[in-house]
file work_23.cif (mmCIF, C-alpha atoms, pLDDT in the B column; chains and numbers go by the auth columns)
data_protein
loop_
_atom_site.group_PDB
_atom_site.id
_atom_site.type_symbol
_atom_site.label_atom_id
_atom_site.label_comp_id
_atom_site.label_asym_id
_atom_site.label_seq_id
_atom_site.Cartn_x
_atom_site.Cartn_y
_atom_site.Cartn_z
_atom_site.B_iso_or_equiv
_atom_site.auth_seq_id
_atom_site.auth_asym_id
ATOM 1 C CA ALA A 1 38.927 -54.746 132.188 59.00 11 U
ATOM 2 C CA GLN A 2 36.409 -51.986 132.684 69.00 12 U
ATOM 3 C CA LYS A 3 34.683 -52.205 136.018 92.00 13 U
ATOM 4 C CA ILE A 4 31.776 -50.005 134.995 96.00 14 U
ATOM 5 C CA THR A 5 30.538 -49.878 131.418 97.00 15 U
ATOM 6 C CA GLN A 6 28.112 -47.364 130.037 97.00 16 U
ATOM 7 C CA THR A 7 27.626 -48.102 126.361 97.00 17 U
ATOM 8 C CA GLN A 8 25.427 -45.111 125.467 97.00 18 U
ATOM 9 C CA PRO A 9 27.527 -41.981 125.014 96.00 19 U
ATOM 10 C CA GLY A 10 24.384 -39.982 124.201 96.00 20 U
ATOM 11 C CA MET A 11 20.641 -40.416 124.496 97.00 21 U
ATOM 12 C CA PHE A 12 17.674 -38.355 123.407 97.00 22 U
ATOM 13 C CA VAL A 13 14.237 -38.548 124.959 98.00 23 U
ATOM 14 C CA GLN A 14 11.058 -36.570 124.502 98.00 24 U
ATOM 15 C CA GLU A 15 9.693 -34.650 127.416 98.00 25 U
ATOM 16 C CA LYS A 16 7.327 -36.712 129.593 97.00 26 U
ATOM 17 C CA GLU A 17 8.645 -39.990 128.175 98.00 27 U
ATOM 18 C CA ALA A 18 10.609 -42.564 130.168 98.00 28 U
ATOM 19 C CA VAL A 19 14.248 -43.317 129.407 98.00 29 U
ATOM 20 C CA THR A 20 16.600 -46.097 130.432 98.00 30 U
ATOM 21 C CA LEU A 21 20.319 -45.510 130.826 98.00 31 U
ATOM 22 C CA ASP A 22 22.398 -48.661 130.738 98.00 32 U
ATOM 23 C CA CYS A 23 25.134 -49.683 133.152 98.00 33 U
ATOM 24 C CA THR A 24 26.949 -52.992 133.518 98.00 34 U
ATOM 25 C CA TYR A 25 29.601 -53.729 136.077 97.00 35 U
ATOM 26 C CA ASP A 26 32.276 -56.255 136.818 95.00 36 U
ATOM 27 C CA THR A 27 33.331 -57.345 140.279 91.00 37 U
ATOM 28 C CA SER A 28 34.163 -60.497 142.173 89.00 38 U
ATOM 29 C CA ASP A 29 33.366 -58.856 145.484 88.00 39 U
ATOM 30 C CA PRO A 30 30.084 -60.167 146.968 89.00 40 U
ATOM 31 C CA SER A 31 29.547 -56.880 148.787 90.00 41 U
ATOM 32 C CA TYR A 32 29.328 -53.787 146.616 93.00 42 U
ATOM 33 C CA GLY A 33 27.204 -50.742 146.035 95.00 43 U
ATOM 34 C CA LEU A 34 25.982 -49.162 142.849 97.00 44 U
ATOM 35 C CA PHE A 35 25.275 -45.464 142.426 97.00 45 U
ATOM 36 C CA TRP A 36 23.881 -43.142 139.824 98.00 46 U
ATOM 37 C CA TYR A 37 24.870 -39.484 139.706 98.00 47 U
ATOM 38 C CA LYS A 38 23.695 -36.591 137.574 98.00 48 U
ATOM 39 C CA GLN A 39 26.234 -34.007 136.461 97.00 49 U
ATOM 40 C CA PRO A 40 24.797 -30.831 134.907 97.00 50 U
ATOM 41 C CA SER A 41 26.984 -28.467 132.932 94.00 51 U
ATOM 42 C CA SER A 42 27.931 -26.677 136.159 93.00 52 U
ATOM 43 C CA GLY A 43 29.944 -29.777 137.117 94.00 53 U
ATOM 44 C CA GLU A 44 28.459 -30.620 140.486 95.00 54 U
ATOM 45 C CA MET A 45 27.725 -34.275 141.166 96.00 55 U
ATOM 46 C CA ILE A 46 24.134 -34.869 142.241 96.00 56 U
ATOM 47 C CA PHE A 47 23.380 -38.182 143.930 96.00 57 U
ATOM 48 C CA LEU A 48 20.306 -39.860 142.458 97.00 58 U
ATOM 49 C CA ILE A 49 19.965 -43.421 143.671 97.00 59 U
ATOM 50 C CA TYR A 50 21.791 -46.288 145.384 97.00 60 U
ATOM 51 C CA GLN A 51 21.524 -50.090 145.195 97.00 61 U
ATOM 52 C CA GLY A 52 23.346 -52.420 147.536 96.00 62 U
ATOM 53 C CA SER A 53 24.408 -55.834 146.295 95.00 63 U
ATOM 54 C CA TYR A 54 22.346 -57.574 148.968 95.00 64 U
ATOM 55 C CA ASP A 55 19.227 -55.495 148.438 95.00 65 U
ATOM 56 C CA GLN A 56 16.358 -57.705 147.343 92.00 66 U
ATOM 57 C CA GLN A 57 14.247 -54.962 145.862 96.00 67 U
ATOM 58 C CA ASN A 58 15.077 -52.470 143.152 97.00 68 U
ATOM 59 C CA ALA A 59 15.801 -49.019 144.508 97.00 69 U
ATOM 60 C CA THR A 60 13.428 -46.157 143.747 97.00 70 U
ATOM 61 C CA GLU A 61 13.721 -42.428 144.443 96.00 71 U
ATOM 62 C CA GLY A 62 10.885 -40.365 143.052 97.00 72 U
ATOM 63 C CA ARG A 63 11.114 -40.439 139.254 98.00 73 U
ATOM 64 C CA TYR A 64 14.284 -42.516 139.381 98.00 74 U
ATOM 65 C CA SER A 65 14.368 -46.276 139.658 98.00 75 U
ATOM 66 C CA LEU A 66 17.209 -48.708 139.342 98.00 76 U
ATOM 67 C CA ASN A 67 16.649 -51.920 137.416 98.00 77 U
ATOM 68 C CA PHE A 68 19.065 -54.214 139.240 98.00 78 U
ATOM 69 C CA GLN A 69 19.749 -57.546 137.557 97.00 79 U
ATOM 70 C CA LYS A 70 22.450 -59.115 139.683 96.00 80 U
ATOM 71 C CA ALA A 71 23.022 -62.243 137.608 96.00 81 U
ATOM 72 C CA ARG A 72 23.540 -60.127 134.509 97.00 82 U
ATOM 73 C CA LYS A 73 25.579 -57.553 136.472 97.00 83 U
ATOM 74 C CA SER A 74 23.502 -54.701 135.229 98.00 84 U
ATOM 75 C CA ALA A 75 22.145 -51.663 137.050 98.00 85 U
ATOM 76 C CA ASN A 76 20.168 -49.585 134.604 98.00 86 U
ATOM 77 C CA LEU A 77 18.698 -46.242 135.593 98.00 87 U
ATOM 78 C CA VAL A 78 15.114 -45.541 134.582 98.00 88 U
ATOM 79 C CA ILE A 79 13.903 -41.952 134.571 98.00 89 U
ATOM 80 C CA SER A 80 10.159 -41.650 134.253 97.00 90 U
ATOM 81 C CA ALA A 81 8.303 -38.613 132.923 97.00 91 U
ATOM 82 C CA SER A 82 11.434 -36.868 131.646 98.00 92 U
ATOM 83 C CA GLN A 83 11.725 -33.144 132.176 98.00 93 U
ATOM 84 C CA LEU A 84 13.835 -30.563 130.360 97.00 94 U
ATOM 85 C CA GLY A 85 15.857 -30.158 133.537 97.00 95 U
ATOM 86 C CA ASP A 86 16.938 -33.796 133.320 98.00 96 U
ATOM 87 C CA SER A 87 19.286 -32.909 130.456 98.00 97 U
ATOM 88 C CA ALA A 88 22.737 -33.641 131.872 98.00 98 U
ATOM 89 C CA MET A 89 25.519 -36.201 132.002 98.00 99 U
ATOM 90 C CA TYR A 90 24.678 -39.315 134.012 98.00 100 U
ATOM 91 C CA PHE A 91 27.314 -41.497 135.649 98.00 101 U
ATOM 92 C CA CYS A 92 27.029 -44.985 137.028 98.00 102 U
ATOM 93 C CA ALA A 93 29.520 -45.779 139.794 97.00 103 U
ATOM 94 C CA MET A 94 30.463 -48.726 141.982 96.00 104 U
ATOM 95 C CA ARG A 95 31.900 -49.070 145.451 93.00 105 U
ATOM 96 C CA GLU A 96 33.614 -52.311 146.364 83.00 106 U
ATOM 97 C CA ALA A 97 34.120 -53.468 149.937 75.00 107 U
ATOM 98 C CA ALA A 98 37.210 -52.185 151.683 65.00 108 U
ATOM 99 C CA LEU A 99 38.332 -55.627 152.755 59.00 109 U
ATOM 100 C CA THR A 100 38.940 -56.733 149.200 58.00 110 U
ATOM 101 C CA GLY A 101 41.166 -53.790 148.460 59.00 111 U
ATOM 102 C CA GLY A 102 38.539 -51.574 146.906 58.00 112 U
ATOM 103 C CA GLY A 103 39.266 -49.022 149.596 67.00 113 U
ATOM 104 C CA ASN A 104 35.694 -47.827 149.438 86.00 114 U
ATOM 105 C CA LYS A 105 36.587 -45.655 146.498 89.00 115 U
ATOM 106 C CA LEU A 106 34.032 -45.024 143.790 94.00 116 U
ATOM 107 C CA THR A 107 34.777 -46.186 140.267 95.00 117 U
ATOM 108 C CA PHE A 108 32.859 -44.362 137.558 97.00 118 U
ATOM 109 C CA GLY A 109 31.649 -45.304 134.122 97.00 119 U
ATOM 110 C CA THR A 110 32.222 -43.091 131.112 96.00 120 U
ATOM 111 C CA GLY A 111 28.827 -41.472 131.369 97.00 121 U
ATOM 112 C CA THR A 112 25.772 -40.946 129.193 98.00 122 U
ATOM 113 C CA GLN A 113 24.798 -37.487 127.975 98.00 123 U
ATOM 114 C CA LEU A 114 21.021 -37.229 128.136 98.00 124 U
ATOM 115 C CA LYS A 115 19.137 -34.612 126.155 98.00 125 U
ATOM 116 C CA VAL A 116 15.455 -34.100 126.828 98.00 126 U
ATOM 117 C CA GLU A 117 13.594 -32.568 123.903 97.00 127 U
ATOM 118 C CA LEU A 118 10.220 -30.861 123.657 93.00 128 U
ATOM 119 C CA GLY B 1 23.406 -31.924 156.290 72.00 24 G
ATOM 120 C CA ALA B 2 26.650 -33.103 154.679 83.00 25 G
ATOM 121 C CA VAL B 3 27.764 -29.968 152.882 90.00 26 G
ATOM 122 C CA VAL B 4 31.188 -29.594 151.315 93.00 27 G
ATOM 123 C CA SER B 5 32.641 -26.266 150.285 95.00 28 G
ATOM 124 C CA GLN B 6 35.225 -26.391 147.502 97.00 29 G
ATOM 125 C CA HIS B 7 37.227 -23.328 146.512 97.00 30 G
ATOM 126 C CA PRO B 8 37.986 -21.847 144.138 98.00 31 G
ATOM 127 C CA SER B 9 35.268 -22.882 141.709 97.00 32 G
ATOM 128 C CA TRP B 10 37.457 -21.826 138.815 97.00 33 G
ATOM 129 C CA VAL B 11 41.008 -20.610 138.453 98.00 34 G
ATOM 130 C CA ILE B 12 43.273 -19.554 135.621 98.00 35 G
ATOM 131 C CA CYS B 13 46.993 -19.671 136.251 96.00 36 G
ATOM 132 C CA LYS B 14 50.204 -19.270 134.308 97.00 37 G
ATOM 133 C CA SER B 15 52.277 -22.256 133.349 98.00 38 G
ATOM 134 C CA GLY B 16 54.860 -23.030 136.019 97.00 39 G
ATOM 135 C CA THR B 17 52.913 -21.641 138.948 97.00 40 G
ATOM 136 C CA SER B 18 51.195 -23.575 141.731 97.00 41 G
ATOM 137 C CA VAL B 19 47.518 -23.665 142.532 98.00 42 G
ATOM 138 C CA LYS B 20 45.866 -24.745 145.766 98.00 43 G
ATOM 139 C CA ILE B 21 42.337 -26.154 145.863 98.00 44 G
ATOM 140 C CA GLU B 22 40.580 -26.411 149.194 97.00 45 G
ATOM 141 C CA CYS B 23 37.768 -28.677 150.299 96.00 46 G
ATOM 142 C CA ARG B 24 36.100 -28.115 153.621 94.00 47 G
ATOM 143 C CA SER B 25 33.261 -30.055 155.203 91.00 48 G
ATOM 144 C CA LEU B 26 30.890 -27.609 156.860 91.00 49 G
ATOM 145 C CA ASP B 27 28.714 -29.774 159.064 88.00 50 G
ATOM 146 C CA PHE B 28 30.463 -33.111 159.503 88.00 51 G
ATOM 147 C CA GLN B 29 33.840 -34.675 160.057 87.00 52 G
ATOM 148 C CA ALA B 30 35.415 -37.255 157.788 86.00 53 G
ATOM 149 C CA THR B 31 38.545 -39.306 158.086 85.00 54 G
ATOM 150 C CA THR B 32 38.669 -40.303 154.426 90.00 55 G
ATOM 151 C CA MET B 33 38.356 -38.345 151.258 91.00 56 G
ATOM 152 C CA PHE B 34 39.069 -38.748 147.588 94.00 57 G
ATOM 153 C CA TRP B 35 40.298 -36.419 144.858 96.00 58 G
ATOM 154 C CA TYR B 36 39.092 -36.941 141.313 97.00 59 G
ATOM 155 C CA ARG B 37 40.070 -35.359 138.015 97.00 60 G
ATOM 156 C CA GLN B 38 37.767 -35.052 135.035 97.00 61 G
ATOM 157 C CA PHE B 39 38.854 -34.012 131.547 93.00 62 G
ATOM 158 C CA PRO B 40 36.184 -32.521 129.269 90.00 63 G
ATOM 159 C CA LYS B 41 33.498 -34.990 128.296 88.00 64 G
ATOM 160 C CA GLN B 42 35.251 -37.789 130.148 93.00 65 G
ATOM 161 C CA SER B 43 34.717 -39.773 133.297 95.00 66 G
ATOM 162 C CA LEU B 44 35.900 -38.986 136.808 97.00 67 G
ATOM 163 C CA MET B 45 39.268 -40.577 137.426 96.00 68 G
ATOM 164 C CA LEU B 46 40.460 -41.133 140.971 95.00 69 G
ATOM 165 C CA MET B 47 43.733 -39.380 141.701 96.00 70 G
ATOM 166 C CA ALA B 48 44.273 -40.200 145.348 94.00 71 G
ATOM 167 C CA THR B 49 42.738 -41.298 148.615 92.00 72 G
ATOM 168 C CA SER B 50 43.637 -39.450 151.760 90.00 73 G
ATOM 169 C CA ASN B 51 43.071 -40.261 155.399 87.00 74 G
ATOM 170 C CA GLU B 52 43.294 -37.578 158.037 84.00 75 G
ATOM 171 C CA GLY B 53 46.757 -37.427 159.522 82.00 76 G
ATOM 172 C CA SER B 54 48.273 -39.845 157.007 84.00 77 G
ATOM 173 C CA LYS B 55 50.010 -39.588 153.685 88.00 78 G
ATOM 174 C CA ALA B 56 47.743 -39.829 150.686 91.00 79 G
ATOM 175 C CA THR B 57 47.618 -42.962 148.563 92.00 80 G
ATOM 176 C CA TYR B 58 47.976 -42.089 144.897 95.00 81 G
ATOM 177 C CA GLU B 59 46.578 -44.010 141.970 94.00 82 G
ATOM 178 C CA GLN B 60 48.946 -45.441 139.414 93.00 83 G
ATOM 179 C CA GLY B 61 50.164 -42.809 137.015 94.00 84 G
ATOM 180 C CA VAL B 62 49.438 -39.835 139.284 96.00 85 G
ATOM 181 C CA GLU B 63 52.579 -37.927 140.250 95.00 86 G
ATOM 182 C CA LYS B 64 52.554 -37.429 143.997 93.00 87 G
ATOM 183 C CA ASP B 65 55.195 -34.717 143.832 95.00 88 G
ATOM 184 C CA LYS B 66 53.063 -32.764 141.405 96.00 89 G
ATOM 185 C CA PHE B 67 49.714 -33.178 143.110 97.00 90 G
ATOM 186 C CA LEU B 68 50.267 -32.526 146.796 96.00 91 G
ATOM 187 C CA ILE B 69 47.436 -33.545 149.084 94.00 92 G
ATOM 188 C CA ASN B 70 47.208 -32.380 152.673 91.00 93 G
ATOM 189 C CA HIS B 71 44.439 -33.799 154.860 88.00 94 G
ATOM 190 C CA ALA B 72 45.457 -32.120 158.067 82.00 95 G
ATOM 191 C CA SER B 73 42.100 -32.193 159.842 88.00 96 G
ATOM 192 C CA LEU B 74 38.775 -33.999 159.805 89.00 97 G
ATOM 193 C CA THR B 75 37.158 -31.086 157.991 91.00 98 G
ATOM 194 C CA LEU B 76 39.792 -29.801 155.594 92.00 99 G
ATOM 195 C CA SER B 77 41.763 -31.207 152.714 92.00 100 G
ATOM 196 C CA THR B 78 43.791 -29.390 150.084 95.00 101 G
ATOM 197 C CA LEU B 79 45.135 -30.334 146.685 97.00 102 G
ATOM 198 C CA THR B 80 48.065 -28.320 145.393 97.00 103 G
ATOM 199 C CA VAL B 81 48.979 -28.578 141.736 98.00 104 G
ATOM 200 C CA THR B 82 52.651 -27.658 141.622 97.00 105 G
ATOM 201 C CA SER B 83 54.385 -26.264 138.559 97.00 106 G
ATOM 202 C CA ALA B 84 51.170 -26.452 136.604 97.00 107 G
ATOM 203 C CA HIS B 85 51.247 -27.050 132.859 97.00 108 G
ATOM 204 C CA PRO B 86 48.497 -26.746 130.242 97.00 109 G
ATOM 205 C CA GLU B 87 47.948 -30.512 130.333 96.00 110 G
ATOM 206 C CA ASP B 88 46.932 -30.153 133.990 97.00 111 G
ATOM 207 C CA SER B 89 43.926 -28.111 132.893 97.00 112 G
ATOM 208 C CA SER B 90 40.972 -30.104 134.108 97.00 113 G
ATOM 209 C CA PHE B 91 38.032 -30.245 136.501 97.00 114 G
ATOM 210 C CA TYR B 92 39.075 -31.315 139.995 98.00 115 G
ATOM 211 C CA ILE B 93 36.494 -32.536 142.484 98.00 116 G
ATOM 212 C CA CYS B 94 36.785 -33.726 146.061 97.00 117 G
ATOM 213 C CA THR B 95 34.637 -36.317 147.767 95.00 118 G
ATOM 214 C CA PHE B 96 34.308 -36.925 151.475 93.00 119 G
ATOM 215 C CA ARG B 97 33.286 -40.258 152.952 89.00 120 G
ATOM 216 C CA THR B 98 30.125 -39.476 154.863 87.00 121 G
ATOM 217 C CA ARG B 99 26.979 -41.082 156.211 83.00 122 G
ATOM 218 C CA ALA B 100 24.855 -39.003 153.857 84.00 123 G
ATOM 219 C CA ASN B 101 23.996 -40.118 150.330 84.00 124 G
ATOM 220 C CA TYR B 102 25.082 -43.680 151.093 88.00 125 G
ATOM 221 C CA GLY B 103 28.594 -42.677 151.829 88.00 126 G
ATOM 222 C CA TYR B 104 29.861 -39.874 149.614 93.00 127 G
ATOM 223 C CA THR B 105 29.479 -36.110 149.540 94.00 128 G
ATOM 224 C CA PHE B 106 31.049 -34.206 146.688 96.00 129 G
ATOM 225 C CA GLY B 107 32.472 -30.733 146.517 96.00 130 G
ATOM 226 C CA SER B 108 31.228 -28.515 143.714 96.00 131 G
ATOM 227 C CA GLY B 109 34.453 -28.869 141.743 97.00 132 G
ATOM 228 C CA THR B 110 37.220 -26.576 140.520 98.00 133 G
ATOM 229 C CA ARG B 111 37.890 -25.819 136.866 97.00 134 G
ATOM 230 C CA LEU B 112 41.597 -25.256 136.438 98.00 135 G
ATOM 231 C CA THR B 113 42.923 -23.644 133.272 98.00 136 G
ATOM 232 C CA VAL B 114 46.671 -23.339 132.851 98.00 137 G
ATOM 233 C CA VAL B 115 47.788 -20.850 130.192 97.00 138 G
#
call {"tool": "encode", "arguments": {"input": "work_23.cif", "output": "structure tokens"}}
result
Amino acid sequence: AQKITQTQPGMFVQEKEAVTLDCTYDTSDPSYGLFWYKQPSSGEMIFLIYQGSYDQQNATEGRYSLNFQKARKSANLVISASQLGDSAMYFCAMREAALTGGGNKLTFGTGTQLKVEL
Amino acid sequence: GAVVSQHPSWVICKSGTSVKIECRSLDFQATTMFWYRQFPKQSLMLMATSNEGSKATYEQGVEKDKFLINHASLTLSTLTVTSAHPEDSSFYICTFRTRANYGYTFGSGTRLTVV
């Protein structure tokens, strides 16, 4: 079974609009972390935002916020006021606790290609 | 802080030759790191986990004799693709376990093309 599912292979958004990128996850570990990364065409992985499984509040970092719905196992990324420079591939990833055999490795979803249009 | 230097950023090699990719942490030390492979327009797939001074742990389906990982110090890890073939052409990226960015700092990646 997929641990991280991103169902939107591609998304378009108009400049200055908000966009939501979907991510659902599957784990039986009570302690886990959820990440979002941006990957431009250059290939580098840019950390955007992190949500811990025990965090009560949704994470926010500037224009990025994470809509964390634990019961539904979803961790959607919301980008507000989209800019042309936001065009990139976006990956959701999960870290599971080392004690349960996750080894602290990151497991990635398949990604969403975001295109911001004028 | 938490800067990783990965070299080379791109390399073209002939089929049958070996290629070494180096990842060096510039301002921190890390005992654990990960090597990922990414085919075009696909996700990052974990190849192996390495701990300094120990043998790497490879994911299922990754040939350990083909992808040699050496994590000889707390600041340096190398991935050697031996006897490379065109199907090994991919984007390879290293990740150190760090305190920064909630635990992971990535190298800038290496695009390998085998002709």
call {"tool": "residues_around", "arguments": {"input": "work_23.cif", "residues": "region 82-88 of chain U", "least_positions_apart": "2", "cutoff": "7 Å", "atoms": "all atoms listed in the file", "output": "tab-separated table (two decimals) with C-alpha atoms, in the frame of the given file"}}
result
chain	number	residue	atom	x	y	z
U	28	ALA	CA	10.61	-42.56	130.17
U	29	VAL	CA	14.25	-43.32	129.41
U	30	THR	CA	16.60	-46.10	130.43
U	31	LEU	CA	20.32	-45.51	130.83
U	32	ASP	CA	22.40	-48.66	130.74
U	33	CYS	CA	25.13	-49.68	133.15
U	34	THR	CA	26.95	-52.99	133.52
U	35	TYR	CA	29.60	-53.73	136.08
U	36	ASP	CA	32.28	-56.26	136.82
U	74	TYR	CA	14.28	-42.52	139.38
U	75	SER	CA	14.37	-46.28	139.66
U	76	LEU	CA	17.21	-48.71	139.34
U	77	ASN	CA	16.65	-51.92	137.42
U	78	PHE	CA	19.07	-54.21	139.24
U	79	GLN	CA	19.75	-57.55	137.56
U	80	LYS	CA	22.45	-59.12	139.68
U	90	SER	CA	10.16	-41.65	134.25
call {"tool": "resolve_selection", "arguments": {"input": "work_23.cif", "expression": "the PyMOL selection byres ((chain G) within 8 of (chain U))", "output": "count of residues only"}}
result
13
call {"tool": "closest_residue", "arguments": {"input": "work_23.cif", "among": "U:Ala69, U:Ala91, U:Ala107, U:Ala81", "to": "Gln24 (chain U)", "atoms": "only C-alpha atoms"}}
result
U:Ala91
call {"tool": "atom_distance", "arguments": {"input": "work_23.cif", "atom1": "CA of Thr128 (chain G)", "atom2": "CA of Gln61 (chain G)"}}
result
16.7 Å
call {"tool": "atom_distance", "arguments": {"input": "work_23.cif", "atom1": "CA of Ser96 (chain G)", "atom2": "CA of Glu75 (chain G)"}}
result
5.8 Å
call {"tool": "atom_distance", "arguments": {"input": "work_23.cif", "atom1": "CA of Ser73 (chain G)", "atom2": "CA of Pro40 (chain U)"}}
result
25.2 Å
call {"tool": "resolve_selection", "arguments": {"input": "work_23.cif", "expression": "the PyMOL selection byres ((chain U and resi 21) around 6)", "output": "list in words"}}
result
Gly20, Phe22 and Leu124 of chain U
call {"tool": "residues_near_point", "arguments": {"input": "work_23.cif", "point": "(47.5, -29.0, 153.1)", "cutoff": "12 Å", "atoms": "all atoms listed in the file", "output": "list in words"}}
result
Val42, Lys43, Ile44, Glu45, Cys46, Arg47, Ser73, Glu75, Gly76, Ser77, Lys78, Ala79, Phe90, Leu91, Ile92, Asn93, His94, Ala95, Ser96, Thr98, Leu99, Ser100, Thr101, Leu102, Thr103 and Val104 of chain G
call {"tool": "axis_aligned_box", "arguments": {"input": "work_23.cif", "around": "region 67-75 of chain G", "padding_each_side": "4 Å", "output": "lines of an AutoDock Vina configuration file"}}
result
center_x = 40.1
center_y = -39.4
center_z = 147.4
size_x = 16.4
size_y = 11.7
size_z = 29.2
call {"tool": "residues_near_point", "arguments": {"input": "work_23.cif", "point": "(35.8, -39.9, 153.9)", "cutoff": "9 Å", "atoms": "all atoms listed in the file", "output": "PyMOL selection string"}}
result
chain G and resi 52-57+72-75+97+118-121+126-128
call {"tool": "write_last_selection", "arguments": {"input": "work_23.cif", "atoms": "C-alpha atoms", "output": "mmCIF file, in the coordinates of the input"}}
result
data_model
loop_
_atom_site.group_PDB
_atom_site.id
_atom_site.type_symbol
_atom_site.label_atom_id
_atom_site.label_comp_id
_atom_site.auth_asym_id
_atom_site.auth_seq_id
_atom_site.Cartn_x
_atom_site.Cartn_y
_atom_site.Cartn_z
ATOM 1 C CA GLN G 52 33.840 -34.675 160.057
ATOM 2 C CA ALA G 53 35.415 -37.255 157.788
ATOM 3 C CA THR G 54 38.545 -39.306 158.086
ATOM 4 C CA THR G 55 38.669 -40.303 154.426
ATOM 5 C CA MET G 56 38.356 -38.345 151.258
ATOM 6 C CA PHE G 57 39.069 -38.748 147.588
ATOM 7 C CA THR G 72 42.738 -41.298 148.615
ATOM 8 C CA SER G 73 43.637 -39.450 151.760
ATOM 9 C CA ASN G 74 43.071 -40.261 155.399
ATOM 10 C CA GLU G 75 43.294 -37.578 158.037
ATOM 11 C CA LEU G 97 38.775 -33.999 159.805
ATOM 12 C CA THR G 118 34.637 -36.317 147.767
ATOM 13 C CA PHE G 119 34.308 -36.925 151.475
ATOM 14 C CA ARG G 120 33.286 -40.258 152.952
ATOM 15 C CA THR G 121 30.125 -39.476 154.863
ATOM 16 C CA GLY G 126 28.594 -42.677 151.829
ATOM 17 C CA TYR G 127 29.861 -39.874 149.614
ATOM 18 C CA THR G 128 29.479 -36.110 149.540
#
call {"tool": "resolve_selection", "arguments": {"input": "work_23.cif", "expression": "the PyMOL selection byres ((chain G and resi 31) around 8)", "output": "mmCIF file with C-alpha atoms, in the coordinates of the input"}}
result
data_model
loop_
_atom_site.group_PDB
_atom_site.id
_atom_site.type_symbol
_atom_site.label_atom_id
_atom_site.label_comp_id
_atom_site.auth_asym_id
_atom_site.auth_seq_id
_atom_site.Cartn_x
_atom_site.Cartn_y
_atom_site.Cartn_z
ATOM 1 C CA GLN G 29 35.225 -26.391 147.502
ATOM 2 C CA HIS G 30 37.227 -23.328 146.512
ATOM 3 C CA SER G 32 35.268 -22.882 141.709
ATOM 4 C CA TRP G 33 37.457 -21.826 138.815
ATOM 5 C CA VAL G 34 41.008 -20.610 138.453
ATOM 6 C CA ILE G 44 42.337 -26.154 145.863
ATOM 7 C CA GLU G 45 40.580 -26.411 149.194
ATOM 8 C CA THR G 133 37.220 -26.576 140.520
#
